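One file, coords_12.txt, carrying compact mmCIF, N, CA and C atoms:
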```
# COMPACT_ATOMS: atom_id res chain seq x y z
N MET A 116 -12.81 -36.84 18.33
CA MET A 116 -12.30 -35.84 19.27
C MET A 116 -12.53 -34.46 18.67
N GLU A 117 -12.98 -33.55 19.50
CA GLU A 117 -13.21 -32.17 19.06
C GLU A 117 -12.07 -31.30 19.57
N TYR A 118 -11.46 -30.56 18.65
CA TYR A 118 -10.32 -29.71 18.97
C TYR A 118 -10.75 -28.25 19.09
N SER A 119 -10.06 -27.52 19.94
CA SER A 119 -10.30 -26.08 20.04
C SER A 119 -9.52 -25.37 18.94
N PHE A 120 -9.92 -24.14 18.65
CA PHE A 120 -9.23 -23.35 17.64
C PHE A 120 -7.77 -23.14 18.01
N HIS A 121 -7.53 -22.75 19.27
CA HIS A 121 -6.14 -22.47 19.67
C HIS A 121 -5.28 -23.72 19.57
N TYR A 122 -5.82 -24.88 19.90
CA TYR A 122 -5.04 -26.11 19.79
C TYR A 122 -4.70 -26.38 18.32
N LEU A 123 -5.70 -26.29 17.45
CA LEU A 123 -5.48 -26.58 16.03
C LEU A 123 -4.45 -25.64 15.41
N ILE A 124 -4.55 -24.37 15.74
CA ILE A 124 -3.63 -23.41 15.12
C ILE A 124 -2.20 -23.63 15.62
N MET A 125 -2.04 -23.91 16.91
CA MET A 125 -0.69 -24.15 17.43
C MET A 125 -0.13 -25.47 16.91
N ALA A 126 -0.95 -26.51 16.90
CA ALA A 126 -0.48 -27.81 16.43
C ALA A 126 -0.16 -27.76 14.94
N GLN A 127 -0.99 -27.09 14.15
CA GLN A 127 -0.74 -26.99 12.71
C GLN A 127 0.55 -26.23 12.45
N GLN A 128 0.79 -25.16 13.17
CA GLN A 128 2.02 -24.39 13.00
C GLN A 128 3.23 -25.25 13.32
N ALA A 129 3.16 -26.01 14.40
CA ALA A 129 4.28 -26.88 14.78
C ALA A 129 4.53 -27.95 13.72
N LEU A 130 3.46 -28.58 13.24
CA LEU A 130 3.60 -29.61 12.20
C LEU A 130 4.16 -29.02 10.91
N PHE A 131 3.64 -27.86 10.53
CA PHE A 131 4.07 -27.19 9.31
C PHE A 131 5.55 -26.84 9.40
N GLN A 132 5.97 -26.25 10.52
CA GLN A 132 7.36 -25.84 10.72
C GLN A 132 8.29 -27.05 10.70
N LYS A 133 7.89 -28.13 11.37
CA LYS A 133 8.71 -29.34 11.42
C LYS A 133 8.89 -29.92 10.01
N GLU A 134 7.81 -30.02 9.26
CA GLU A 134 7.89 -30.56 7.91
C GLU A 134 8.67 -29.64 6.98
N LEU A 135 8.48 -28.33 7.13
CA LEU A 135 9.22 -27.37 6.31
C LEU A 135 10.72 -27.53 6.51
N LEU A 136 11.16 -27.56 7.76
CA LEU A 136 12.59 -27.69 8.05
C LEU A 136 13.13 -29.04 7.60
N ALA A 137 12.30 -30.08 7.66
CA ALA A 137 12.73 -31.40 7.15
C ALA A 137 12.96 -31.34 5.65
N ARG A 138 12.08 -30.65 4.93
CA ARG A 138 12.23 -30.53 3.49
C ARG A 138 13.43 -29.66 3.10
N LEU A 139 13.81 -28.77 3.99
CA LEU A 139 14.92 -27.84 3.71
C LEU A 139 16.20 -28.22 4.46
N LYS A 140 16.27 -29.47 4.95
CA LYS A 140 17.40 -29.86 5.80
C LYS A 140 18.76 -29.68 5.13
N ASP A 141 18.82 -29.84 3.81
CA ASP A 141 20.10 -29.70 3.11
C ASP A 141 20.55 -28.24 2.98
N THR A 142 19.69 -27.31 3.32
CA THR A 142 20.02 -25.89 3.21
C THR A 142 20.61 -25.32 4.49
N ASP A 143 20.47 -26.04 5.59
CA ASP A 143 20.90 -25.59 6.92
C ASP A 143 20.10 -24.39 7.43
N LEU A 144 18.93 -24.12 6.82
CA LEU A 144 18.08 -23.05 7.33
C LEU A 144 17.51 -23.46 8.68
N THR A 145 17.36 -22.48 9.56
CA THR A 145 16.79 -22.73 10.87
C THR A 145 15.44 -22.03 10.97
N SER A 146 14.73 -22.33 12.03
CA SER A 146 13.41 -21.75 12.25
C SER A 146 13.46 -20.22 12.13
N GLY A 147 12.54 -19.67 11.40
CA GLY A 147 12.47 -18.22 11.21
C GLY A 147 13.11 -17.75 9.92
N GLN A 148 14.13 -18.45 9.46
CA GLN A 148 14.83 -18.01 8.25
C GLN A 148 14.01 -18.21 6.97
N PRO A 149 13.28 -19.32 6.82
CA PRO A 149 12.49 -19.47 5.59
C PRO A 149 11.48 -18.36 5.36
N LYS A 150 10.82 -17.90 6.42
CA LYS A 150 9.83 -16.85 6.20
C LYS A 150 10.49 -15.52 5.84
N ILE A 151 11.71 -15.30 6.30
CA ILE A 151 12.43 -14.09 5.90
C ILE A 151 12.79 -14.17 4.42
N LEU A 152 13.28 -15.32 3.97
CA LEU A 152 13.58 -15.48 2.55
C LEU A 152 12.32 -15.35 1.70
N ASP A 153 11.22 -15.91 2.19
CA ASP A 153 9.95 -15.80 1.47
C ASP A 153 9.53 -14.33 1.36
N TYR A 154 9.69 -13.58 2.43
CA TYR A 154 9.36 -12.16 2.42
C TYR A 154 10.27 -11.40 1.46
N LEU A 155 11.57 -11.69 1.52
CA LEU A 155 12.52 -10.99 0.67
C LEU A 155 12.33 -11.33 -0.81
N ALA A 156 11.77 -12.50 -1.11
CA ALA A 156 11.52 -12.86 -2.50
C ALA A 156 10.61 -11.83 -3.17
N ASP A 157 9.72 -11.24 -2.39
CA ASP A 157 8.81 -10.20 -2.91
C ASP A 157 9.23 -8.79 -2.52
N HIS A 158 10.18 -8.67 -1.58
CA HIS A 158 10.56 -7.35 -1.05
C HIS A 158 12.08 -7.23 -0.90
N ASP A 159 12.83 -7.70 -1.89
CA ASP A 159 14.29 -7.65 -1.79
C ASP A 159 14.73 -6.19 -1.62
N GLY A 160 15.60 -5.96 -0.66
CA GLY A 160 16.05 -4.60 -0.39
C GLY A 160 15.22 -3.90 0.67
N ALA A 161 14.36 -4.65 1.35
CA ALA A 161 13.51 -4.07 2.40
C ALA A 161 14.36 -3.66 3.60
N SER A 162 13.84 -2.71 4.35
CA SER A 162 14.51 -2.32 5.59
C SER A 162 14.26 -3.38 6.65
N GLN A 163 15.13 -3.41 7.66
CA GLN A 163 14.95 -4.36 8.75
C GLN A 163 13.61 -4.13 9.45
N LYS A 164 13.21 -2.89 9.58
CA LYS A 164 11.93 -2.58 10.22
C LYS A 164 10.78 -3.18 9.42
N ASP A 165 10.82 -3.04 8.11
CA ASP A 165 9.75 -3.59 7.27
C ASP A 165 9.73 -5.12 7.32
N ILE A 166 10.89 -5.74 7.35
CA ILE A 166 10.96 -7.19 7.43
C ILE A 166 10.37 -7.67 8.76
N ALA A 167 10.75 -7.00 9.85
CA ALA A 167 10.24 -7.38 11.17
C ALA A 167 8.71 -7.30 11.18
N GLN A 168 8.18 -6.21 10.65
CA GLN A 168 6.72 -6.06 10.61
C GLN A 168 6.08 -7.10 9.68
N GLY A 169 6.65 -7.28 8.50
CA GLY A 169 6.09 -8.20 7.53
C GLY A 169 6.14 -9.65 7.94
N CYS A 170 7.13 -10.00 8.74
CA CYS A 170 7.29 -11.39 9.20
C CYS A 170 6.77 -11.59 10.63
N HIS A 171 6.30 -10.53 11.27
CA HIS A 171 5.79 -10.59 12.64
C HIS A 171 6.85 -11.16 13.58
N VAL A 172 8.04 -10.54 13.50
CA VAL A 172 9.18 -10.94 14.31
C VAL A 172 9.66 -9.71 15.08
N GLU A 173 10.04 -9.92 16.31
CA GLU A 173 10.58 -8.83 17.11
C GLU A 173 11.91 -8.36 16.50
N PRO A 174 12.19 -7.05 16.53
CA PRO A 174 13.42 -6.54 15.93
C PRO A 174 14.69 -7.21 16.44
N GLY A 175 14.77 -7.50 17.72
CA GLY A 175 15.96 -8.16 18.27
C GLY A 175 16.13 -9.57 17.72
N THR A 176 15.02 -10.28 17.60
CA THR A 176 15.04 -11.63 17.03
C THR A 176 15.46 -11.58 15.57
N LEU A 177 14.94 -10.59 14.85
CA LEU A 177 15.28 -10.44 13.44
C LEU A 177 16.78 -10.18 13.27
N THR A 178 17.34 -9.34 14.12
CA THR A 178 18.77 -9.04 14.04
C THR A 178 19.59 -10.32 14.17
N THR A 179 19.23 -11.16 15.12
CA THR A 179 19.93 -12.43 15.32
C THR A 179 19.80 -13.32 14.09
N LEU A 180 18.58 -13.42 13.55
CA LEU A 180 18.36 -14.24 12.35
C LEU A 180 19.16 -13.71 11.17
N LEU A 181 19.14 -12.39 10.98
CA LEU A 181 19.87 -11.80 9.85
C LEU A 181 21.38 -11.95 10.00
N ASN A 182 21.88 -11.84 11.22
CA ASN A 182 23.32 -12.04 11.45
C ASN A 182 23.73 -13.43 10.99
N ARG A 183 22.96 -14.43 11.36
CA ARG A 183 23.25 -15.81 10.98
C ARG A 183 23.10 -15.98 9.47
N MET A 184 22.08 -15.37 8.89
CA MET A 184 21.87 -15.49 7.45
C MET A 184 22.99 -14.80 6.67
N GLU A 185 23.52 -13.72 7.23
CA GLU A 185 24.65 -13.03 6.60
C GLU A 185 25.90 -13.91 6.66
N GLU A 186 26.12 -14.58 7.80
CA GLU A 186 27.24 -15.50 7.93
C GLU A 186 27.14 -16.66 6.94
N MET A 187 25.91 -17.07 6.62
CA MET A 187 25.66 -18.17 5.68
C MET A 187 25.68 -17.69 4.23
N ASP A 188 25.94 -16.39 4.02
CA ASP A 188 25.96 -15.78 2.69
C ASP A 188 24.61 -15.87 1.97
N LEU A 189 23.53 -15.71 2.75
CA LEU A 189 22.18 -15.71 2.17
C LEU A 189 21.69 -14.29 1.92
N VAL A 190 22.14 -13.36 2.75
CA VAL A 190 21.73 -11.96 2.64
C VAL A 190 22.92 -11.06 2.88
N GLU A 191 22.76 -9.81 2.46
CA GLU A 191 23.75 -8.79 2.79
C GLU A 191 23.02 -7.51 3.16
N ARG A 192 23.62 -6.80 4.10
CA ARG A 192 23.06 -5.52 4.52
C ARG A 192 23.76 -4.42 3.72
N ARG A 193 22.95 -3.45 3.28
CA ARG A 193 23.51 -2.31 2.55
C ARG A 193 22.85 -1.03 3.04
N MET A 194 23.67 0.01 3.10
CA MET A 194 23.13 1.35 3.36
C MET A 194 22.64 1.91 2.04
N LEU A 195 21.53 2.58 2.06
CA LEU A 195 21.04 3.25 0.87
C LEU A 195 21.10 4.76 1.08
N ASN A 196 21.54 5.47 0.08
CA ASN A 196 21.61 6.93 0.12
C ASN A 196 22.43 7.45 1.29
N GLY A 197 23.45 6.68 1.71
CA GLY A 197 24.34 7.14 2.78
C GLY A 197 23.72 7.19 4.16
N ASN A 198 22.53 6.64 4.33
CA ASN A 198 21.85 6.66 5.64
C ASN A 198 22.42 5.55 6.51
N ARG A 199 23.26 5.90 7.47
CA ARG A 199 23.91 4.91 8.32
C ARG A 199 22.98 4.33 9.38
N ARG A 200 21.84 4.95 9.60
CA ARG A 200 20.92 4.47 10.64
C ARG A 200 19.99 3.38 10.14
N SER A 201 19.93 3.19 8.84
CA SER A 201 18.97 2.25 8.29
C SER A 201 19.62 1.37 7.23
N TYR A 202 19.70 0.09 7.53
CA TYR A 202 20.24 -0.87 6.57
C TYR A 202 19.08 -1.54 5.83
N HIS A 203 19.35 -1.88 4.60
CA HIS A 203 18.39 -2.62 3.79
C HIS A 203 18.99 -3.99 3.51
N ILE A 204 18.13 -4.97 3.42
CA ILE A 204 18.56 -6.35 3.31
C ILE A 204 18.30 -6.86 1.90
N PHE A 205 19.35 -7.37 1.29
CA PHE A 205 19.28 -7.90 -0.06
C PHE A 205 19.70 -9.37 -0.04
N MET A 206 19.03 -10.18 -0.83
CA MET A 206 19.43 -11.57 -0.95
C MET A 206 20.64 -11.69 -1.87
N THR A 207 21.53 -12.59 -1.52
CA THR A 207 22.64 -12.94 -2.40
C THR A 207 22.12 -13.98 -3.40
N GLU A 208 22.96 -14.38 -4.32
CA GLU A 208 22.55 -15.44 -5.27
C GLU A 208 22.21 -16.73 -4.52
N LYS A 209 23.01 -17.04 -3.51
CA LYS A 209 22.73 -18.22 -2.69
C LYS A 209 21.40 -18.05 -1.96
N GLY A 210 21.14 -16.86 -1.47
CA GLY A 210 19.87 -16.58 -0.80
C GLY A 210 18.69 -16.74 -1.74
N LYS A 211 18.85 -16.27 -2.97
CA LYS A 211 17.77 -16.41 -3.96
C LYS A 211 17.51 -17.88 -4.28
N ALA A 212 18.56 -18.67 -4.37
CA ALA A 212 18.39 -20.11 -4.62
C ALA A 212 17.67 -20.77 -3.44
N HIS A 213 18.03 -20.38 -2.22
CA HIS A 213 17.36 -20.92 -1.03
C HIS A 213 15.92 -20.44 -0.97
N ALA A 214 15.66 -19.22 -1.40
CA ALA A 214 14.29 -18.70 -1.41
C ALA A 214 13.44 -19.51 -2.38
N ASP A 215 14.01 -19.88 -3.53
CA ASP A 215 13.28 -20.71 -4.49
C ASP A 215 12.94 -22.07 -3.88
N LEU A 216 13.90 -22.67 -3.19
CA LEU A 216 13.65 -23.95 -2.52
C LEU A 216 12.58 -23.81 -1.45
N THR A 217 12.64 -22.70 -0.72
CA THR A 217 11.66 -22.43 0.33
C THR A 217 10.26 -22.28 -0.25
N GLN A 218 10.14 -21.53 -1.32
CA GLN A 218 8.83 -21.32 -1.93
C GLN A 218 8.27 -22.62 -2.49
N THR A 219 9.12 -23.47 -3.03
CA THR A 219 8.68 -24.78 -3.51
C THR A 219 8.17 -25.62 -2.34
N ALA A 220 8.90 -25.61 -1.24
CA ALA A 220 8.49 -26.36 -0.05
C ALA A 220 7.16 -25.84 0.49
N PHE A 221 7.00 -24.51 0.55
CA PHE A 221 5.73 -23.93 1.00
C PHE A 221 4.58 -24.39 0.11
N LYS A 222 4.79 -24.36 -1.18
CA LYS A 222 3.75 -24.76 -2.14
C LYS A 222 3.37 -26.22 -1.93
N GLU A 223 4.36 -27.09 -1.78
CA GLU A 223 4.10 -28.51 -1.57
C GLU A 223 3.35 -28.75 -0.26
N LEU A 224 3.73 -28.05 0.80
CA LEU A 224 3.06 -28.20 2.08
C LEU A 224 1.61 -27.72 2.01
N GLU A 225 1.38 -26.64 1.28
CA GLU A 225 0.01 -26.16 1.12
C GLU A 225 -0.82 -27.16 0.32
N GLU A 226 -0.22 -27.76 -0.71
CA GLU A 226 -0.94 -28.79 -1.49
C GLU A 226 -1.30 -29.97 -0.61
N THR A 227 -0.39 -30.37 0.27
CA THR A 227 -0.67 -31.47 1.19
C THR A 227 -1.80 -31.07 2.15
N ALA A 228 -1.74 -29.87 2.69
CA ALA A 228 -2.74 -29.41 3.64
C ALA A 228 -4.14 -29.35 3.01
N PHE A 229 -4.21 -28.98 1.75
CA PHE A 229 -5.50 -28.82 1.08
C PHE A 229 -5.91 -30.05 0.27
N HIS A 230 -5.20 -31.16 0.45
CA HIS A 230 -5.53 -32.39 -0.27
C HIS A 230 -6.99 -32.80 0.02
N GLY A 231 -7.73 -33.08 -1.04
CA GLY A 231 -9.11 -33.52 -0.87
C GLY A 231 -10.10 -32.41 -0.55
N ILE A 232 -9.64 -31.18 -0.60
CA ILE A 232 -10.50 -30.02 -0.32
C ILE A 232 -10.72 -29.30 -1.64
N THR A 233 -11.96 -29.03 -1.96
CA THR A 233 -12.26 -28.41 -3.25
C THR A 233 -11.72 -26.99 -3.31
N ALA A 234 -11.58 -26.48 -4.53
CA ALA A 234 -11.12 -25.11 -4.72
C ALA A 234 -12.07 -24.13 -4.04
N GLU A 235 -13.36 -24.39 -4.11
CA GLU A 235 -14.34 -23.52 -3.45
C GLU A 235 -14.17 -23.55 -1.93
N GLU A 236 -13.96 -24.73 -1.37
CA GLU A 236 -13.74 -24.84 0.07
C GLU A 236 -12.45 -24.14 0.49
N GLN A 237 -11.41 -24.27 -0.34
CA GLN A 237 -10.15 -23.59 -0.06
C GLN A 237 -10.35 -22.08 -0.05
N GLU A 238 -11.09 -21.58 -1.03
CA GLU A 238 -11.35 -20.14 -1.11
C GLU A 238 -12.13 -19.66 0.11
N GLN A 239 -13.15 -20.43 0.50
CA GLN A 239 -13.94 -20.07 1.69
C GLN A 239 -13.06 -20.07 2.94
N PHE A 240 -12.26 -21.12 3.08
CA PHE A 240 -11.37 -21.21 4.24
C PHE A 240 -10.42 -20.01 4.29
N MET A 241 -9.77 -19.72 3.16
CA MET A 241 -8.82 -18.62 3.13
C MET A 241 -9.50 -17.30 3.44
N HIS A 242 -10.69 -17.10 2.95
CA HIS A 242 -11.43 -15.86 3.24
C HIS A 242 -11.69 -15.75 4.74
N LEU A 243 -12.18 -16.82 5.36
CA LEU A 243 -12.45 -16.79 6.80
C LEU A 243 -11.16 -16.66 7.60
N PHE A 244 -10.13 -17.36 7.19
CA PHE A 244 -8.87 -17.31 7.93
C PHE A 244 -8.23 -15.92 7.84
N GLU A 245 -8.35 -15.27 6.69
CA GLU A 245 -7.87 -13.90 6.56
C GLU A 245 -8.63 -12.97 7.50
N ARG A 246 -9.93 -13.17 7.62
CA ARG A 246 -10.71 -12.35 8.56
C ARG A 246 -10.27 -12.58 10.00
N ILE A 247 -10.02 -13.83 10.35
CA ILE A 247 -9.52 -14.16 11.70
C ILE A 247 -8.18 -13.48 11.92
N PHE A 248 -7.30 -13.57 10.93
CA PHE A 248 -5.98 -12.94 11.02
C PHE A 248 -6.12 -11.42 11.20
N GLU A 249 -6.97 -10.80 10.39
CA GLU A 249 -7.16 -9.36 10.47
C GLU A 249 -7.74 -8.95 11.81
N ASN A 250 -8.67 -9.73 12.35
CA ASN A 250 -9.23 -9.46 13.69
C ASN A 250 -8.13 -9.50 14.75
N THR A 251 -7.31 -10.52 14.68
CA THR A 251 -6.23 -10.69 15.67
C THR A 251 -5.20 -9.57 15.52
N LEU A 252 -4.85 -9.25 14.28
CA LEU A 252 -3.89 -8.18 14.02
C LEU A 252 -4.42 -6.84 14.53
N ALA A 253 -5.67 -6.54 14.24
CA ALA A 253 -6.26 -5.29 14.71
C ALA A 253 -6.28 -5.20 16.23
N HIS A 254 -6.58 -6.31 16.89
CA HIS A 254 -6.59 -6.33 18.35
C HIS A 254 -5.19 -6.09 18.91
N ASN A 255 -4.17 -6.71 18.29
CA ASN A 255 -2.80 -6.54 18.75
C ASN A 255 -2.29 -5.12 18.52
N GLU A 256 -2.75 -4.49 17.44
CA GLU A 256 -2.32 -3.12 17.16
C GLU A 256 -2.92 -2.12 18.14
N LYS A 257 -4.07 -2.46 18.74
CA LYS A 257 -4.69 -1.58 19.74
C LYS A 257 -3.89 -1.57 21.04
N ASP A 258 -3.26 -2.70 21.35
CA ASP A 258 -2.52 -2.83 22.63
C ASP A 258 -1.26 -2.02 22.66
```

As structure tokens, the full file:
Amino acid sequence: MEYSFHYLIMAQQALFQKELLARLKDTDLTSGQPKILDYLADHDGASQKDIAQGCHVEPGTLTTLLNRMEEMDLVERRMLNGNRRSYHIFMTEKGKAHADLTQTAFKELEETAFHGITAEEQEQFMHLFERIFENTLAHNEKD
């Protein structure tokens, strides 16, 4: 059977998300939260605007996700320099532990996805996929 690009990308995302949440079931993380923790692992203290852009999430959706994550004691919002209009998001110790679990799960899923694929083939794939991503991103930014 020959698959289209759009089918493969949507099906792979669904499979990846399902397996990710299964691996993180003991954390009670829900869809969308792992990628925020993954982003914060490299950008702790980022503004909500930067997180929304970095995770490709609508600001309203991000607010809902962050509210739930704050209730779960994974993140906390802080004002910096007395600026009441802009909150920055910091991981709590529990959030950092969940981020570590998330990053381990991502690594394992990537190893599964690339099983039997040479390092050279992986590099070629990633190069092409980055170009596809950049093309799509550039097109969306024009709109």

Subject >> Backbone-only DSSP, strand (DSSP E) members of chain A, as an MDAnalysis selection string >> reply: chainID A and resid 161:162 190:194 202:206

Would you save the residues of that selection, restricted to N, CA and C atoms, as a PDB file, in the coordinates of the input?
```
ATOM      1  N   ALA A 161      14.360  -4.650   1.350  1.00  0.00           N
ATOM      2  CA  ALA A 161      13.510  -4.070   2.400  1.00  0.00           C
ATOM      3  C   ALA A 161      14.360  -3.660   3.600  1.00  0.00           C
ATOM      4  N   SER A 162      13.840  -2.710   4.350  1.00  0.00           N
ATOM      5  CA  SER A 162      14.510  -2.320   5.590  1.00  0.00           C
ATOM      6  C   SER A 162      14.260  -3.380   6.650  1.00  0.00           C
ATOM      7  N   VAL A 190      22.140 -13.360   2.750  1.00  0.00           N
ATOM      8  CA  VAL A 190      21.730 -11.960   2.640  1.00  0.00           C
ATOM      9  C   VAL A 190      22.920 -11.060   2.880  1.00  0.00           C
ATOM     10  N   GLU A 191      22.760  -9.810   2.460  1.00  0.00           N
ATOM     11  CA  GLU A 191      23.750  -8.790   2.790  1.00  0.00           C
ATOM     12  C   GLU A 191      23.020  -7.510   3.160  1.00  0.00           C
ATOM     13  N   ARG A 192      23.620  -6.800   4.100  1.00  0.00           N
ATOM     14  CA  ARG A 192      23.060  -5.520   4.520  1.00  0.00           C
ATOM     15  C   ARG A 192      23.760  -4.420   3.720  1.00  0.00           C
ATOM     16  N   ARG A 193      22.950  -3.450   3.280  1.00  0.00           N
ATOM     17  CA  ARG A 193      23.510  -2.310   2.550  1.00  0.00           C
ATOM     18  C   ARG A 193      22.850  -1.030   3.040  1.00  0.00           C
ATOM     19  N   MET A 194      23.670   0.010   3.100  1.00  0.00           N
ATOM     20  CA  MET A 194      23.130   1.350   3.360  1.00  0.00           C
ATOM     21  C   MET A 194      22.640   1.910   2.040  1.00  0.00           C
ATOM     22  N   TYR A 202      19.700   0.090   7.530  1.00  0.00           N
ATOM     23  CA  TYR A 202      20.240  -0.870   6.570  1.00  0.00           C
ATOM     24  C   TYR A 202      19.080  -1.540   5.830  1.00  0.00           C
ATOM     25  N   HIS A 203      19.350  -1.880   4.600  1.00  0.00           N
ATOM     26  CA  HIS A 203      18.390  -2.620   3.790  1.00  0.00           C
ATOM     27  C   HIS A 203      18.990  -3.990   3.510  1.00  0.00           C
ATOM     28  N   ILE A 204      18.130  -4.970   3.420  1.00  0.00           N
ATOM     29  CA  ILE A 204      18.560  -6.350   3.310  1.00  0.00           C
ATOM     30  C   ILE A 204      18.300  -6.860   1.900  1.00  0.00           C
ATOM     31  N   PHE A 205      19.350  -7.370   1.290  1.00  0.00           N
ATOM     32  CA  PHE A 205      19.280  -7.900  -0.060  1.00  0.00           C
ATOM     33  C   PHE A 205      19.700  -9.370  -0.040  1.00  0.00           C
ATOM     34  N   MET A 206      19.030 -10.180  -0.830  1.00  0.00           N
ATOM     35  CA  MET A 206      19.430 -11.570  -0.950  1.00  0.00           C
ATOM     36  C   MET A 206      20.640 -11.690  -1.870  1.00  0.00           C
TER      37      MET A 206
END
```

**OP:** Write down as a PyMOL selection string the residues of chain A whose backbone DSSP state falls under helix (DSSP H, G or I).
**Re:** chain A and resi 120-138+140-142+148-158+163-170+174-186+208-228+234-257

For region 170-185 of chain A, I'd like the enclosing box, axis-aligned and padded by 5 Å on every side, reported as AutoDock Vina command-line options with centre and edge lengths in Å to one decimal.
```
--center_x 15.8 --center_y -11.3 --center_z 12.4 --size_x 30.1 --size_y 19.4 --size_z 21.7
```

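The spacing separating atom N of Leu216 (chain A) from CA of Glu134 (chain A) amounts to 14.9 Å.
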
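In this model, the gap between atom C of Tyr122 (chain A) and CA of Gly231 (chain A) comes to 20.9 Å.
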